[in-house]
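Encoded as structure tokens, the structure appears first; notes follow it.
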Amino acid sequence: GAVVSQHPSRVICKSGTSVKIECRSLDFQATTMFWYRQFPKQSLMLMATSNEGSKATYEQGVEKDKFLINHASLTLSTLTVTSAHPEDSSFYICSARDLETGWREQYFGPGTRLTVT
Amino acid sequence: AQKVTQAQTEISVVEKEDVTLDCVYETRDTTYYLFWYKQPPSGELVFLIRRNSFDEQNEISGRYSWNFQKSTSSFNFTITASQVVDSAVYFCALMRGTSYGKLTFGQGTILTVHP
């Protein structure tokens with residue numbers, strides 16, 4: 001089956017620094033990737049939709065300048081949390097839509113747990 | 001606006017009991033898709049099922065079964081003869097027919113199966 005990886009799986013950073021999270025589709029091409037955020041014991045909330053070669057579309061209430069998304073190739077999207085603060089600590093999950101099987105199919109990465117101290 | 005409600009925050013059962021997880025959704029679309037995902041303690045989402053709005057046929061997969069009723073906007077999930085390995089958080093999710101992949105998740109139900 002289609003595999004999506006995320007790197008790193010866990011990251012701890014100091015307040016005020018930036019951290020980059022990578023989302024890769026390993027065995028398929030993904031024109032669209034989605035970034036979700038999950039606080040402890042809560043649901044997944046869509047942050048943004050990332051389209052290859054174009055600007056990301058952010059959901060209402062998500063700060064574009066704080067959560068920078070780049071989708072430079074059909075297999076890689078990155079989320080950069082800039083000037084991170086403790087309230088940004090969360091579980092970040094990406095999903096990727098397979099170009100060939102269509103938009104009904106999407107595959108989730110294993111998630112990245114970010115802790116800001 | 002789309003909305004998914006999982007009224008049961010937590011469910012605790014003893015192994016071999018049957019358990020049903022409820023999911024109620026709201027949408028004005030005629031074409032939409034419903035999903036169930038399992039999230040074990042590791043955090044990775046595991047896809048369980050997808051149903052489109054035009055297919056109300058119930059589905060069974062091993063110990064898992066799903067009951068989709070458009071009349072009540074519900075898509076309930078039943079685990080028969082539960083096992084300890086079923087312990088996880090289960091999410092119901094909705095995708096609009098025109099949303100090109102964007103999912104709206106319910107709040108999740110924490111299922112704990114005791115030996």
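Numbering starts fresh at 1 for the residues of each chain in the structure tokens, the chains themselves are lettered A, B, ... in the order given, and ligands are numbered from 1 as they appear.
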
Name all residues at most 9 Å from B:Thr98 (count only C-alpha atoms; drop same-chain ones fewer than 4 positions away) and give them as a ChimeraX atom specification.
/B:29,31-32

Export, as a PDB file, in the first residue's frame, the selected residues with N, CA, C and O atoms.
```pdb
ATOM      1  N   ASP B  29     -24.579  18.624   1.459  1.00  0.00           N
ATOM      2  CA  ASP B  29     -24.204  18.043   0.179  1.00  0.00           C
ATOM      3  C   ASP B  29     -24.988  16.759  -0.083  1.00  0.00           C
ATOM      4  O   ASP B  29     -25.361  16.041   0.849  1.00  0.00           O
ATOM      5  N   THR B  31     -23.574  14.596  -2.319  1.00  0.00           N
ATOM      6  CA  THR B  31     -22.450  13.678  -2.525  1.00  0.00           C
ATOM      7  C   THR B  31     -21.414  13.928  -1.436  1.00  0.00           C
ATOM      8  O   THR B  31     -20.900  15.030  -1.296  1.00  0.00           O
ATOM      9  N   TYR B  32     -21.133  12.906  -0.691  1.00  0.00           N
ATOM     10  CA  TYR B  32     -20.146  13.014   0.377  1.00  0.00           C
ATOM     11  C   TYR B  32     -19.626  11.616   0.702  1.00  0.00           C
ATOM     12  O   TYR B  32     -20.151  10.611   0.215  1.00  0.00           O
TER      13      TYR B  32
END
```

Spatial neighbours of A:Thr80, 10 Å, only C-alpha atoms, chain gap at least 3 places, as a ChimeraX atom specification:
/A:18-22,65-70,83-84

Written file, previous selection with all heavy atoms, as a CSV table (one decimal), in the first residue's frame:
```csv
chain,number,residue,atom,x,y,z
A,18,SER,N,12.7,28.0,15.2
A,18,SER,CA,11.8,27.4,14.1
A,18,SER,C,12.1,25.9,14.0
A,18,SER,O,13.2,25.5,14.2
A,18,SER,CB,12.0,28.2,12.8
A,18,SER,OG,11.6,29.5,13.0
A,19,VAL,N,11.1,25.2,13.6
A,19,VAL,CA,11.3,23.8,13.3
A,19,VAL,C,10.6,23.4,12.1
A,19,VAL,O,9.5,23.8,11.8
A,19,VAL,CB,10.8,23.0,14.5
A,19,VAL,CG1,9.3,23.2,14.8
A,19,VAL,CG2,11.1,21.5,14.4
A,20,LYS,N,11.3,22.5,11.3
A,20,LYS,CA,10.7,22.1,10.0
A,20,LYS,C,10.3,20.6,10.1
A,20,LYS,O,11.1,19.8,10.6
A,20,LYS,CB,11.7,22.3,8.9
A,20,LYS,CG,11.2,21.8,7.5
A,20,LYS,CD,12.3,21.9,6.4
A,20,LYS,CE,12.6,23.3,6.0
A,20,LYS,NZ,13.5,23.3,4.9
A,21,ILE,N,9.1,20.3,9.6
A,21,ILE,CA,8.6,18.9,9.6
A,21,ILE,C,8.4,18.5,8.1
A,21,ILE,O,7.8,19.3,7.3
A,21,ILE,CB,7.3,18.8,10.3
A,21,ILE,CG1,7.4,19.3,11.8
A,21,ILE,CG2,6.8,17.4,10.2
A,21,ILE,CD1,6.1,19.4,12.5
A,22,GLU,N,8.9,17.4,7.7
A,22,GLU,CA,8.8,16.9,6.4
A,22,GLU,C,7.8,15.8,6.2
A,22,GLU,O,7.6,15.0,7.1
A,22,GLU,CB,10.2,16.3,5.9
A,22,GLU,CG,11.3,17.3,5.7
A,22,GLU,CD,12.5,16.7,5.2
A,22,GLU,OE1,12.6,15.5,5.1
A,22,GLU,OE2,13.4,17.5,4.8
A,65,ASP,N,1.8,33.1,8.4
A,65,ASP,CA,3.2,33.5,8.6
A,65,ASP,C,3.9,32.6,9.7
A,65,ASP,O,5.1,32.6,9.8
A,65,ASP,CB,3.3,34.9,9.0
A,65,ASP,CG,2.8,35.8,7.9
A,65,ASP,OD1,2.9,35.4,6.7
A,65,ASP,OD2,2.3,36.9,8.2
A,66,LYS,N,3.1,32.0,10.5
A,66,LYS,CA,3.6,31.2,11.6
A,66,LYS,C,3.8,29.7,11.1
A,66,LYS,O,4.8,29.1,11.4
A,66,LYS,CB,2.7,31.1,12.7
A,66,LYS,CG,3.2,30.3,13.9
A,66,LYS,CD,2.5,30.6,15.2
A,66,LYS,CE,3.2,30.0,16.3
A,66,LYS,NZ,4.6,30.5,16.5
A,67,PHE,N,2.9,29.2,10.3
A,67,PHE,CA,3.0,27.9,9.8
A,67,PHE,C,3.2,27.9,8.3
A,67,PHE,O,2.3,28.0,7.5
A,67,PHE,CB,1.7,27.1,10.1
A,67,PHE,CG,1.4,27.0,11.5
A,67,PHE,CD1,0.5,27.8,12.2
A,67,PHE,CD2,2.1,26.0,12.3
A,67,PHE,CE1,0.3,27.7,13.5
A,67,PHE,CE2,1.8,25.9,13.7
A,67,PHE,CZ,0.9,26.8,14.3
A,68,LEU,N,4.5,27.9,7.9
A,68,LEU,CA,4.9,28.0,6.5
A,68,LEU,C,4.9,26.6,5.8
A,68,LEU,O,5.5,25.7,6.3
A,68,LEU,CB,6.3,28.6,6.4
A,68,LEU,CG,6.5,30.0,7.0
A,68,LEU,CD1,7.9,30.5,6.8
A,68,LEU,CD2,5.5,31.0,6.4
A,69,ILE,N,4.2,26.6,4.7
A,69,ILE,CA,4.1,25.3,4.0
A,69,ILE,C,4.7,25.4,2.6
A,69,ILE,O,4.4,26.4,1.9
A,69,ILE,CB,2.6,24.8,4.0
A,69,ILE,CG1,2.2,24.4,5.4
A,69,ILE,CG2,2.5,23.6,3.0
A,69,ILE,CD1,0.7,24.1,5.5
A,70,ASN,N,5.5,24.5,2.3
A,70,ASN,CA,6.1,24.4,1.0
A,70,ASN,C,5.9,23.0,0.4
A,70,ASN,O,6.2,22.0,1.0
A,70,ASN,CB,7.6,24.7,1.1
A,70,ASN,CG,8.3,24.8,-0.3
A,70,ASN,OD1,8.7,23.8,-0.8
A,70,ASN,ND2,8.3,25.9,-0.9
A,83,SER,N,9.2,30.7,14.9
A,83,SER,CA,9.1,31.3,16.3
A,83,SER,C,8.2,30.5,17.2
A,83,SER,O,7.2,31.1,17.7
A,83,SER,CB,8.7,32.8,16.1
A,83,SER,OG,8.8,33.4,17.4
A,84,ALA,N,8.5,29.3,17.3
A,84,ALA,CA,7.6,28.4,18.1
A,84,ALA,C,7.5,28.8,19.5
A,84,ALA,O,8.4,29.3,20.2
A,84,ALA,CB,8.1,27.0,18.0
```

Near chain A, 8 Å: chain B residue rows, closest pairs, only C-alpha atoms, as JSON lines:
```
{"residue": "B:Gly43", "atom": "CA", "partner": "A:Pro110", "partner_atom": "CA", "distance": 6.6}
{"residue": "B:Glu44", "atom": "CA", "partner": "A:Pro110", "partner_atom": "CA", "distance": 4.4}
{"residue": "B:Leu45", "atom": "CA", "partner": "A:Phe108", "partner_atom": "CA", "distance": 6.4}
{"residue": "B:Phe91", "atom": "CA", "partner": "A:Ser43", "partner_atom": "CA", "distance": 8.0}
{"residue": "B:Tyr100", "atom": "CA", "partner": "A:Trp103", "partner_atom": "CA", "distance": 5.5}
{"residue": "B:Gly101", "atom": "CA", "partner": "A:Trp103", "partner_atom": "CA", "distance": 5.4}
{"residue": "B:Lys102", "atom": "CA", "partner": "A:Phe34", "partner_atom": "CA", "distance": 7.6}
{"residue": "B:Leu103", "atom": "CA", "partner": "A:Leu46", "partner_atom": "CA", "distance": 7.4}
{"residue": "B:Thr104", "atom": "CA", "partner": "A:Met45", "partner_atom": "CA", "distance": 7.5}
{"residue": "B:Phe105", "atom": "CA", "partner": "A:Leu44", "partner_atom": "CA", "distance": 6.3}
{"residue": "B:Gly106", "atom": "CA", "partner": "A:Ser43", "partner_atom": "CA", "distance": 6.6}
{"residue": "B:Gln107", "atom": "CA", "partner": "A:Ser43", "partner_atom": "CA", "distance": 4.9}
{"residue": "B:Gly108", "atom": "CA", "partner": "A:Ser43", "partner_atom": "CA", "distance": 6.2}
```

Which residues are near B:Thr20? Cut-off 10 Å, only C-alpha atoms, ignore same chain within fewer than 4 positions. Put them as JSON, numbers by chain.
{"B": [8, 11, 64, 65, 66, 67, 76, 77, 78, 79, 80]}

Mind writing the picked residues with C-alpha atoms as a compact mmCIF listing (two decimals), in the first residue's frame?
```
# COMPACT_ATOMS: atom_id res chain seq x y z
CA GLN B 8 -19.38 8.86 23.22
CA ILE B 11 -16.23 3.55 26.23
CA TYR B 64 -16.02 -5.03 12.25
CA SER B 65 -19.33 -3.90 10.81
CA TRP B 66 -20.74 -0.57 9.79
CA ASN B 67 -24.32 0.64 9.63
CA ASN B 76 -22.19 3.62 13.31
CA PHE B 77 -19.37 1.19 13.84
CA THR B 78 -19.68 -2.10 15.71
CA ILE B 79 -16.88 -4.31 16.93
CA THR B 80 -18.01 -7.84 17.69
```

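Each of A:Thr115, A:Ser15, A:Thr75, A:Gln29 was checked against A:Glu100 using only C-alpha atoms; the smallest atom-to-atom distance is that of A:Gln29.
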
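By only C-alpha atoms, and with residues fewer than 3 positions from A:Gly61 along its chain excluded, the set lying at most 10 Å from it is Met47, Tyr58 and Lys64 of chain A.
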
Using C-alpha atoms, can you export the residues from the last selection as a PDB file, in the first residue's frame?
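Output file selection_35.pdb is given in full below:
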```pdb
ATOM      1  CA  MET A  47      -4.569  23.389   9.115  1.00  0.00           C
ATOM      2  CA  TYR A  58      -4.926  27.750   4.976  1.00  0.00           C
ATOM      3  CA  LYS A  64       0.061  31.693   7.451  1.00  0.00           C
TER       4      LYS A  64
END
```

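Note that atom CA of B:Ile49 and atom CA of B:Leu34 are 8.0 Å apart.
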
Determine which residues of chain B receive a DSSP assignment of helix (DSSP H, G or I), computed from the backbone, and state them as a list in words.
Lys70, Ser71, Thr72, Val84, Val85 and Asp86 of chain B

I need the residues in stretch 71-110 of chain A that are strand (DSSP E) according to DSSP; give them as an MDAnalysis selection string.
chainID A and resid 71:73 76:81 90:97 106:108

Best match for closeness to A:Phe28 among A:Ala2, A:Leu114, A:Leu76, A:Glu63, counting only C-alpha atoms
A:Ala2

Residues at most 12 Å from B:Ser53, counting only C-alpha atoms, excluding those fewer than 5 positions away in the same chain, as a list in words?
Tyr25, Thr27, Arg28, Asp29, Thr30, Thr31, Tyr32, Tyr33, Leu34, Phe35, Phe68, Gln69, Lys70, Ser71, Ser73, Ser74, Phe75, Leu94, Met95, Arg96 and Gly97 of chain B
